[in-house]
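Here is input24.cif, consisting of mmCIF, N, CA and C atoms:
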```
data_protein
#
loop_
_atom_site.label_atom_id
_atom_site.label_comp_id
_atom_site.auth_asym_id
_atom_site.auth_seq_id
_atom_site.Cartn_x
_atom_site.Cartn_y
_atom_site.Cartn_z
N GLN A 28 -7.94 5.33 -17.61
CA GLN A 28 -7.19 5.90 -16.49
C GLN A 28 -7.74 5.40 -15.16
N VAL A 29 -6.86 5.25 -14.20
CA VAL A 29 -7.21 4.85 -12.84
C VAL A 29 -6.61 5.87 -11.89
N GLN A 30 -7.40 6.32 -10.93
CA GLN A 30 -6.93 7.25 -9.91
C GLN A 30 -6.87 6.51 -8.57
N LEU A 31 -5.82 6.78 -7.81
CA LEU A 31 -5.62 6.15 -6.50
C LEU A 31 -5.52 7.22 -5.43
N MET A 32 -6.20 7.01 -4.31
CA MET A 32 -6.20 7.99 -3.22
C MET A 32 -5.98 7.25 -1.91
N GLU A 33 -4.81 7.49 -1.27
CA GLU A 33 -4.51 6.88 0.02
C GLU A 33 -5.09 7.69 1.17
N SER A 34 -5.34 7.01 2.27
CA SER A 34 -5.78 7.67 3.50
C SER A 34 -5.43 6.77 4.67
N GLY A 35 -5.53 7.32 5.88
CA GLY A 35 -5.32 6.52 7.06
C GLY A 35 -3.99 6.71 7.77
N GLY A 36 -3.11 7.52 7.19
CA GLY A 36 -1.83 7.76 7.83
C GLY A 36 -2.00 8.64 9.06
N GLY A 37 -0.91 8.79 9.82
CA GLY A 37 -0.95 9.63 11.00
C GLY A 37 0.21 9.36 11.92
N LEU A 38 0.09 9.87 13.13
CA LEU A 38 1.11 9.70 14.16
C LEU A 38 0.65 8.60 15.12
N VAL A 39 1.52 7.65 15.38
CA VAL A 39 1.19 6.54 16.29
C VAL A 39 2.41 6.22 17.12
N GLN A 40 2.18 5.74 18.34
CA GLN A 40 3.28 5.37 19.22
C GLN A 40 3.85 4.00 18.82
N PRO A 41 5.10 3.76 19.15
CA PRO A 41 5.67 2.43 18.89
C PRO A 41 4.81 1.33 19.51
N GLY A 42 4.61 0.27 18.75
CA GLY A 42 3.74 -0.82 19.19
C GLY A 42 2.30 -0.65 18.78
N GLY A 43 1.95 0.51 18.27
CA GLY A 43 0.58 0.77 17.87
C GLY A 43 0.25 0.24 16.49
N SER A 44 -0.98 0.54 16.06
CA SER A 44 -1.48 0.04 14.78
C SER A 44 -2.10 1.16 13.96
N LEU A 45 -2.07 0.99 12.66
CA LEU A 45 -2.76 1.87 11.72
C LEU A 45 -3.26 1.02 10.56
N ARG A 46 -4.34 1.45 9.95
CA ARG A 46 -4.79 0.81 8.72
C ARG A 46 -4.85 1.85 7.61
N LEU A 47 -4.06 1.62 6.58
CA LEU A 47 -4.07 2.48 5.42
C LEU A 47 -5.08 1.97 4.41
N SER A 48 -5.70 2.91 3.71
CA SER A 48 -6.63 2.56 2.64
C SER A 48 -6.18 3.23 1.35
N CYS A 49 -6.51 2.60 0.24
CA CYS A 49 -6.22 3.17 -1.08
C CYS A 49 -7.47 2.95 -1.93
N ALA A 50 -8.18 4.02 -2.19
CA ALA A 50 -9.41 3.93 -2.98
C ALA A 50 -9.09 4.14 -4.45
N ALA A 51 -9.54 3.21 -5.27
CA ALA A 51 -9.30 3.29 -6.71
C ALA A 51 -10.58 3.74 -7.41
N SER A 52 -10.42 4.57 -8.42
CA SER A 52 -11.56 5.01 -9.21
C SER A 52 -11.14 5.09 -10.66
N GLY A 53 -12.14 5.04 -11.53
CA GLY A 53 -11.84 5.09 -12.95
C GLY A 53 -12.41 3.89 -13.67
N ARG A 54 -11.59 3.20 -14.43
CA ARG A 54 -12.01 2.04 -15.22
C ARG A 54 -12.20 0.84 -14.31
N VAL A 55 -13.44 0.58 -13.92
CA VAL A 55 -13.73 -0.45 -12.92
C VAL A 55 -13.22 -1.82 -13.35
N PHE A 56 -13.39 -2.18 -14.59
CA PHE A 56 -12.92 -3.49 -15.05
C PHE A 56 -11.44 -3.63 -14.82
N SER A 57 -10.70 -2.58 -15.12
CA SER A 57 -9.25 -2.63 -14.93
C SER A 57 -8.88 -2.72 -13.46
N ILE A 58 -9.62 -1.99 -12.61
CA ILE A 58 -9.30 -1.96 -11.18
C ILE A 58 -9.30 -3.35 -10.59
N ASN A 59 -10.30 -4.15 -10.88
CA ASN A 59 -10.39 -5.48 -10.27
C ASN A 59 -9.37 -6.45 -10.85
N ALA A 60 -8.83 -6.16 -12.00
CA ALA A 60 -7.85 -7.05 -12.61
C ALA A 60 -6.43 -6.70 -12.22
N MET A 61 -6.26 -5.60 -11.57
CA MET A 61 -4.91 -5.09 -11.30
C MET A 61 -4.22 -5.79 -10.14
N ARG A 62 -2.92 -5.78 -10.22
CA ARG A 62 -2.08 -6.17 -9.09
C ARG A 62 -1.74 -4.89 -8.33
N TYR A 63 -1.82 -4.92 -7.01
CA TYR A 63 -1.60 -3.74 -6.20
C TYR A 63 -0.38 -3.91 -5.30
N TYR A 64 0.23 -2.77 -5.02
CA TYR A 64 1.43 -2.74 -4.20
C TYR A 64 1.33 -1.60 -3.19
N TRP A 65 1.97 -1.78 -2.06
CA TRP A 65 2.26 -0.69 -1.13
C TRP A 65 3.77 -0.50 -1.11
N TYR A 66 4.20 0.74 -1.33
CA TYR A 66 5.59 1.15 -1.21
C TYR A 66 5.70 2.15 -0.07
N ARG A 67 6.92 2.38 0.39
CA ARG A 67 7.16 3.45 1.35
C ARG A 67 8.50 4.09 1.07
N GLN A 68 8.59 5.35 1.47
CA GLN A 68 9.84 6.10 1.30
C GLN A 68 10.09 6.93 2.54
N ALA A 69 11.19 6.61 3.22
CA ALA A 69 11.59 7.35 4.40
C ALA A 69 12.51 8.49 3.97
N PRO A 70 12.62 9.54 4.77
CA PRO A 70 13.48 10.67 4.41
C PRO A 70 14.91 10.22 4.13
N GLY A 71 15.43 10.65 2.99
CA GLY A 71 16.80 10.33 2.64
C GLY A 71 17.03 8.93 2.14
N LYS A 72 15.95 8.17 1.96
CA LYS A 72 16.09 6.78 1.51
C LYS A 72 15.31 6.57 0.22
N GLU A 73 15.66 5.47 -0.46
CA GLU A 73 14.95 5.13 -1.68
C GLU A 73 13.58 4.52 -1.35
N ARG A 74 12.68 4.64 -2.31
CA ARG A 74 11.36 4.03 -2.14
C ARG A 74 11.53 2.51 -2.15
N GLU A 75 10.85 1.85 -1.20
CA GLU A 75 10.98 0.40 -1.10
C GLU A 75 9.62 -0.26 -1.13
N LEU A 76 9.59 -1.49 -1.67
CA LEU A 76 8.37 -2.26 -1.74
C LEU A 76 8.06 -2.86 -0.37
N VAL A 77 6.83 -2.69 0.06
CA VAL A 77 6.40 -3.20 1.36
C VAL A 77 5.60 -4.49 1.20
N ALA A 78 4.61 -4.47 0.29
CA ALA A 78 3.74 -5.63 0.14
C ALA A 78 3.06 -5.56 -1.21
N SER A 79 2.60 -6.73 -1.68
CA SER A 79 1.87 -6.78 -2.94
C SER A 79 0.74 -7.80 -2.84
N ILE A 80 -0.26 -7.62 -3.73
CA ILE A 80 -1.38 -8.55 -3.77
C ILE A 80 -1.86 -8.66 -5.20
N THR A 81 -2.10 -9.90 -5.64
CA THR A 81 -2.55 -10.11 -7.02
C THR A 81 -4.06 -9.95 -7.11
N SER A 82 -4.57 -10.09 -8.33
CA SER A 82 -6.01 -9.96 -8.55
C SER A 82 -6.79 -11.08 -7.87
N VAL A 83 -6.12 -12.20 -7.58
CA VAL A 83 -6.80 -13.31 -6.92
C VAL A 83 -6.43 -13.43 -5.45
N GLY A 84 -5.68 -12.44 -4.94
CA GLY A 84 -5.44 -12.38 -3.51
C GLY A 84 -4.14 -12.98 -3.00
N SER A 85 -3.26 -13.38 -3.88
CA SER A 85 -1.95 -13.87 -3.42
C SER A 85 -1.11 -12.69 -2.95
N THR A 86 -0.42 -12.88 -1.83
CA THR A 86 0.30 -11.77 -1.21
C THR A 86 1.78 -12.06 -1.04
N ASN A 87 2.56 -10.99 -0.98
CA ASN A 87 3.98 -11.06 -0.67
C ASN A 87 4.35 -9.86 0.19
N TYR A 88 5.38 -10.05 1.04
CA TYR A 88 5.77 -9.00 1.97
C TYR A 88 7.29 -8.85 2.01
N ALA A 89 7.73 -7.64 2.28
CA ALA A 89 9.14 -7.42 2.58
C ALA A 89 9.45 -8.10 3.91
N ASP A 90 10.68 -8.59 4.04
CA ASP A 90 11.06 -9.27 5.27
C ASP A 90 10.87 -8.38 6.50
N SER A 91 11.07 -7.08 6.32
CA SER A 91 11.02 -6.15 7.44
C SER A 91 9.62 -5.99 8.03
N VAL A 92 8.58 -6.41 7.28
CA VAL A 92 7.21 -6.22 7.76
C VAL A 92 6.46 -7.53 7.92
N LYS A 93 7.06 -8.64 7.54
CA LYS A 93 6.38 -9.95 7.65
C LYS A 93 5.95 -10.21 9.07
N GLY A 94 4.71 -10.66 9.21
CA GLY A 94 4.17 -10.96 10.53
C GLY A 94 3.58 -9.75 11.23
N ARG A 95 3.82 -8.55 10.70
CA ARG A 95 3.28 -7.33 11.32
C ARG A 95 2.27 -6.62 10.42
N PHE A 96 2.50 -6.66 9.11
CA PHE A 96 1.63 -5.97 8.15
C PHE A 96 0.80 -6.99 7.38
N THR A 97 -0.40 -6.59 7.02
CA THR A 97 -1.27 -7.43 6.19
C THR A 97 -1.88 -6.60 5.08
N ILE A 98 -1.66 -7.03 3.84
CA ILE A 98 -2.26 -6.36 2.68
C ILE A 98 -3.52 -7.11 2.30
N SER A 99 -4.55 -6.37 1.92
CA SER A 99 -5.80 -6.99 1.50
C SER A 99 -6.50 -6.07 0.51
N ARG A 100 -7.50 -6.61 -0.16
CA ARG A 100 -8.24 -5.82 -1.14
C ARG A 100 -9.71 -6.19 -1.06
N ASP A 101 -10.55 -5.21 -1.29
CA ASP A 101 -11.99 -5.42 -1.37
C ASP A 101 -12.42 -4.97 -2.77
N ASN A 102 -12.58 -5.92 -3.66
CA ASN A 102 -12.91 -5.57 -5.04
C ASN A 102 -14.28 -4.92 -5.17
N ALA A 103 -15.18 -5.26 -4.28
CA ALA A 103 -16.51 -4.66 -4.33
C ALA A 103 -16.46 -3.17 -4.02
N LYS A 104 -15.49 -2.79 -3.18
CA LYS A 104 -15.34 -1.38 -2.81
C LYS A 104 -14.21 -0.70 -3.56
N ASN A 105 -13.55 -1.44 -4.45
CA ASN A 105 -12.40 -0.89 -5.20
C ASN A 105 -11.37 -0.28 -4.25
N THR A 106 -11.08 -0.98 -3.18
CA THR A 106 -10.20 -0.43 -2.15
C THR A 106 -9.14 -1.45 -1.74
N LEU A 107 -7.94 -0.95 -1.58
CA LEU A 107 -6.79 -1.70 -1.10
C LEU A 107 -6.50 -1.28 0.33
N TYR A 108 -6.05 -2.22 1.16
CA TYR A 108 -5.75 -1.91 2.56
C TYR A 108 -4.35 -2.37 2.93
N LEU A 109 -3.81 -1.72 3.96
CA LEU A 109 -2.59 -2.20 4.59
C LEU A 109 -2.79 -2.06 6.09
N GLN A 110 -2.99 -3.19 6.76
CA GLN A 110 -3.10 -3.21 8.22
C GLN A 110 -1.70 -3.32 8.78
N MET A 111 -1.32 -2.35 9.60
CA MET A 111 0.02 -2.29 10.15
C MET A 111 -0.05 -2.40 11.66
N ASN A 112 0.51 -3.47 12.20
CA ASN A 112 0.53 -3.70 13.64
C ASN A 112 1.96 -3.69 14.16
N SER A 113 2.08 -3.57 15.47
CA SER A 113 3.41 -3.58 16.11
C SER A 113 4.36 -2.61 15.42
N LEU A 114 3.89 -1.41 15.19
CA LEU A 114 4.68 -0.43 14.44
C LEU A 114 5.94 -0.04 15.19
N LYS A 115 6.99 0.21 14.40
CA LYS A 115 8.30 0.58 14.93
C LYS A 115 8.68 1.95 14.37
N PRO A 116 9.56 2.67 15.05
CA PRO A 116 10.01 3.97 14.51
C PRO A 116 10.55 3.87 13.09
N GLU A 117 11.18 2.76 12.77
CA GLU A 117 11.74 2.59 11.42
C GLU A 117 10.67 2.38 10.35
N ASP A 118 9.41 2.26 10.74
CA ASP A 118 8.32 2.20 9.77
C ASP A 118 7.88 3.60 9.33
N THR A 119 8.44 4.62 9.95
CA THR A 119 8.10 5.99 9.59
C THR A 119 8.49 6.27 8.14
N ALA A 120 7.51 6.71 7.36
CA ALA A 120 7.73 6.94 5.93
C ALA A 120 6.45 7.49 5.31
N VAL A 121 6.56 7.93 4.08
CA VAL A 121 5.38 8.18 3.27
C VAL A 121 5.03 6.88 2.56
N TYR A 122 3.81 6.45 2.69
CA TYR A 122 3.35 5.19 2.11
C TYR A 122 2.55 5.48 0.84
N TYR A 123 2.89 4.75 -0.23
CA TYR A 123 2.27 4.96 -1.53
C TYR A 123 1.58 3.69 -2.01
N CYS A 124 0.43 3.89 -2.61
CA CYS A 124 -0.30 2.82 -3.26
C CYS A 124 0.10 2.82 -4.74
N ASN A 125 0.26 1.62 -5.29
CA ASN A 125 0.65 1.47 -6.69
C ASN A 125 -0.20 0.38 -7.31
N ALA A 126 -0.65 0.61 -8.53
CA ALA A 126 -1.47 -0.37 -9.22
C ALA A 126 -0.91 -0.61 -10.62
N ARG A 127 -0.92 -1.87 -11.06
CA ARG A 127 -0.36 -2.22 -12.37
C ARG A 127 -1.25 -3.23 -13.09
N LEU A 128 -1.33 -3.00 -14.41
CA LEU A 128 -2.01 -3.96 -15.28
C LEU A 128 -1.32 -3.89 -16.63
N TYR A 129 -0.66 -4.97 -16.99
CA TYR A 129 0.15 -5.02 -18.22
C TYR A 129 1.18 -3.88 -18.18
N THR A 130 1.13 -2.96 -19.10
CA THR A 130 2.13 -1.87 -19.14
C THR A 130 1.64 -0.62 -18.43
N ASP A 131 0.43 -0.63 -17.93
CA ASP A 131 -0.11 0.53 -17.22
C ASP A 131 0.28 0.49 -15.75
N MET A 132 0.65 1.65 -15.23
CA MET A 132 1.01 1.74 -13.82
C MET A 132 0.54 3.08 -13.27
N TYR A 133 0.00 3.04 -12.05
CA TYR A 133 -0.55 4.23 -11.42
C TYR A 133 -0.06 4.35 -9.98
N TRP A 134 0.11 5.60 -9.54
CA TRP A 134 0.55 5.89 -8.17
C TRP A 134 -0.46 6.79 -7.48
N GLY A 135 -0.60 6.61 -6.19
CA GLY A 135 -1.33 7.55 -5.38
C GLY A 135 -0.40 8.67 -4.94
N GLN A 136 -0.95 9.62 -4.18
CA GLN A 136 -0.17 10.80 -3.78
C GLN A 136 0.63 10.55 -2.50
N GLY A 137 0.32 9.46 -1.79
CA GLY A 137 1.06 9.11 -0.58
C GLY A 137 0.37 9.59 0.68
N THR A 138 0.63 8.87 1.76
CA THR A 138 0.12 9.25 3.07
C THR A 138 1.23 9.06 4.10
N GLN A 139 1.41 10.04 4.98
CA GLN A 139 2.51 10.02 5.94
C GLN A 139 2.17 9.15 7.14
N VAL A 140 3.09 8.27 7.50
CA VAL A 140 3.00 7.48 8.72
C VAL A 140 4.21 7.82 9.58
N THR A 141 3.95 8.26 10.79
CA THR A 141 5.01 8.61 11.73
C THR A 141 4.84 7.79 13.00
N VAL A 142 5.88 7.04 13.33
CA VAL A 142 5.86 6.21 14.54
C VAL A 142 6.85 6.82 15.53
N SER A 143 6.31 7.39 16.59
CA SER A 143 7.15 8.10 17.55
C SER A 143 6.44 8.20 18.89
N SER A 144 7.24 8.19 19.95
CA SER A 144 6.68 8.38 21.28
C SER A 144 6.76 9.85 21.68
#
```

Structure encoded using structure tokens:
Amino acid sequence: QVQLMESGGGLVQPGGSLRLSCAASGRVFSINAMRYYWYRQAPGKERELVASITSVGSTNYADSVKGRFTISRDNAKNTLYLQMNSLKPEDTAVYYCNARLYTDMYWGQGTQVTVSS
């Protein structure tokens, strides 16, 4: 089993920045081999994929966040990050960390990000 715990959400003004963290615990060998994702879900909308990173650090981003968000991982700390810059009101959502290895998949509980003046 792997447990995921997000942190770092909050209220920020448009144009501001936040860094989300996702701490993984449990089967350490599995944690470092996993592919990680950040999803978000805004009120009344479906959950959408924001960014992903493989075990060797290859990344992908949704078009809506390219150039503004950066996903990264620190395997030594078993932690996933999402650096969010130039935030817009439409980035307001609950952000979820997701981890996958073969048929196993795990979710965190989510952290709220609100972008508002």

What's around A:Met111 at 10 Å? Count only C-alpha atoms, leave out sequence neighbours fewer than 6 positions away in its own chain, and write the answer as a count of residues only.
13

Point-to-point distance in Å for atom N of A:Tyr129 and atom C of A:Asp90:
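So the two atoms, atom C of A:Asp90 and atom N of A:Tyr129, lie 26.4 Å apart.
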
Looking only at helix (DSSP H, G or I) from DSSP on the backbone, list the matching residues of stretch 33-97 of chain A as an mmCIF file with N, CA and C atoms, in the frame of the given file.
```
data_model
loop_
_atom_site.group_PDB
_atom_site.id
_atom_site.type_symbol
_atom_site.label_atom_id
_atom_site.label_comp_id
_atom_site.auth_asym_id
_atom_site.auth_seq_id
_atom_site.Cartn_x
_atom_site.Cartn_y
_atom_site.Cartn_z
ATOM 1 N N VAL A 55 -13.440 0.580 -13.920
ATOM 2 C CA VAL A 55 -13.730 -0.450 -12.920
ATOM 3 C C VAL A 55 -13.220 -1.820 -13.350
ATOM 4 N N PHE A 56 -13.390 -2.180 -14.590
ATOM 5 C CA PHE A 56 -12.920 -3.490 -15.050
ATOM 6 C C PHE A 56 -11.440 -3.630 -14.820
ATOM 7 N N SER A 57 -10.700 -2.580 -15.120
ATOM 8 C CA SER A 57 -9.250 -2.630 -14.930
ATOM 9 C C SER A 57 -8.880 -2.720 -13.460
ATOM 10 N N ILE A 58 -9.620 -1.990 -12.610
ATOM 11 C CA ILE A 58 -9.300 -1.960 -11.180
ATOM 12 C C ILE A 58 -9.300 -3.350 -10.590
ATOM 13 N N ASN A 59 -10.300 -4.150 -10.880
ATOM 14 C CA ASN A 59 -10.390 -5.480 -10.270
ATOM 15 C C ASN A 59 -9.370 -6.450 -10.850
ATOM 16 N N ALA A 60 -8.830 -6.160 -12.000
ATOM 17 C CA ALA A 60 -7.850 -7.050 -12.610
ATOM 18 C C ALA A 60 -6.430 -6.700 -12.220
#
```

Please evaluate the PyMOL selection byres ((chain A and resi 62-76) around 8) against the displayed coordinates and give the resulting residues as a VMD selection string.
chain A and resid 57 to 61 77 to 83 87 to 90 98 107 to 109 117 to 129

Between atom CA of A:Ser143 and atom CA of A:Ser99, what is the distance, to one decimal in Å?
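Computing it gives 25.6 Å between the two atoms.
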
Between atom CA of A:Val142 and atom CA of A:Ser91, measure the distance and give it in Å to one decimal.
15.2 Å

Take the PyMOL selection byres (((chain A and resi 29 and name CA) around 6) and name CA), apply it to the structure above, and return the hits as a list in words.
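Applying the expression gives Gln28, Gln30, Ser52 and Gly53 of chain A.
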
Residue nearest A:Arg100 among A:Tyr133, A:Glu33, A:Ser48, A:Leu38 (counting only C-alpha atoms):
A:Ser48

Nearest to A:Trp134: which of A:Met32, A:Ala103, A:Leu114, A:Val39 is it, counting only C-alpha atoms?
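Of all the options, A:Met32 lies closest to A:Trp134.
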
All strand (DSSP E) positions in chain A, as a PyMOL selection string
chain A and resi 29-34+37-39+45-53+62-68+75-80+86-88+96-101+106-111+120-128+131-134+138-142

Looking at all atoms listed in the file, which of A:Gln40, A:Ala50, A:Ser144, A:Gly35 is the one that sits closest to A:Thr106?
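Checking each of A:Gln40, A:Ala50, A:Ser144, A:Gly35 against A:Thr106, counting all atoms listed in the file, the winner is A:Ala50.
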
Centre, edges in Å (one decimal): axis-aligned box, stretch 92-101 of chain A, 4 Å padding on all six sides, as JSON:
```
{"center_x": -1.9, "center_y": -8.0, "center_z": 4.3, "size_x": 29.0, "size_y": 14.0, "size_z": 22.1}
```
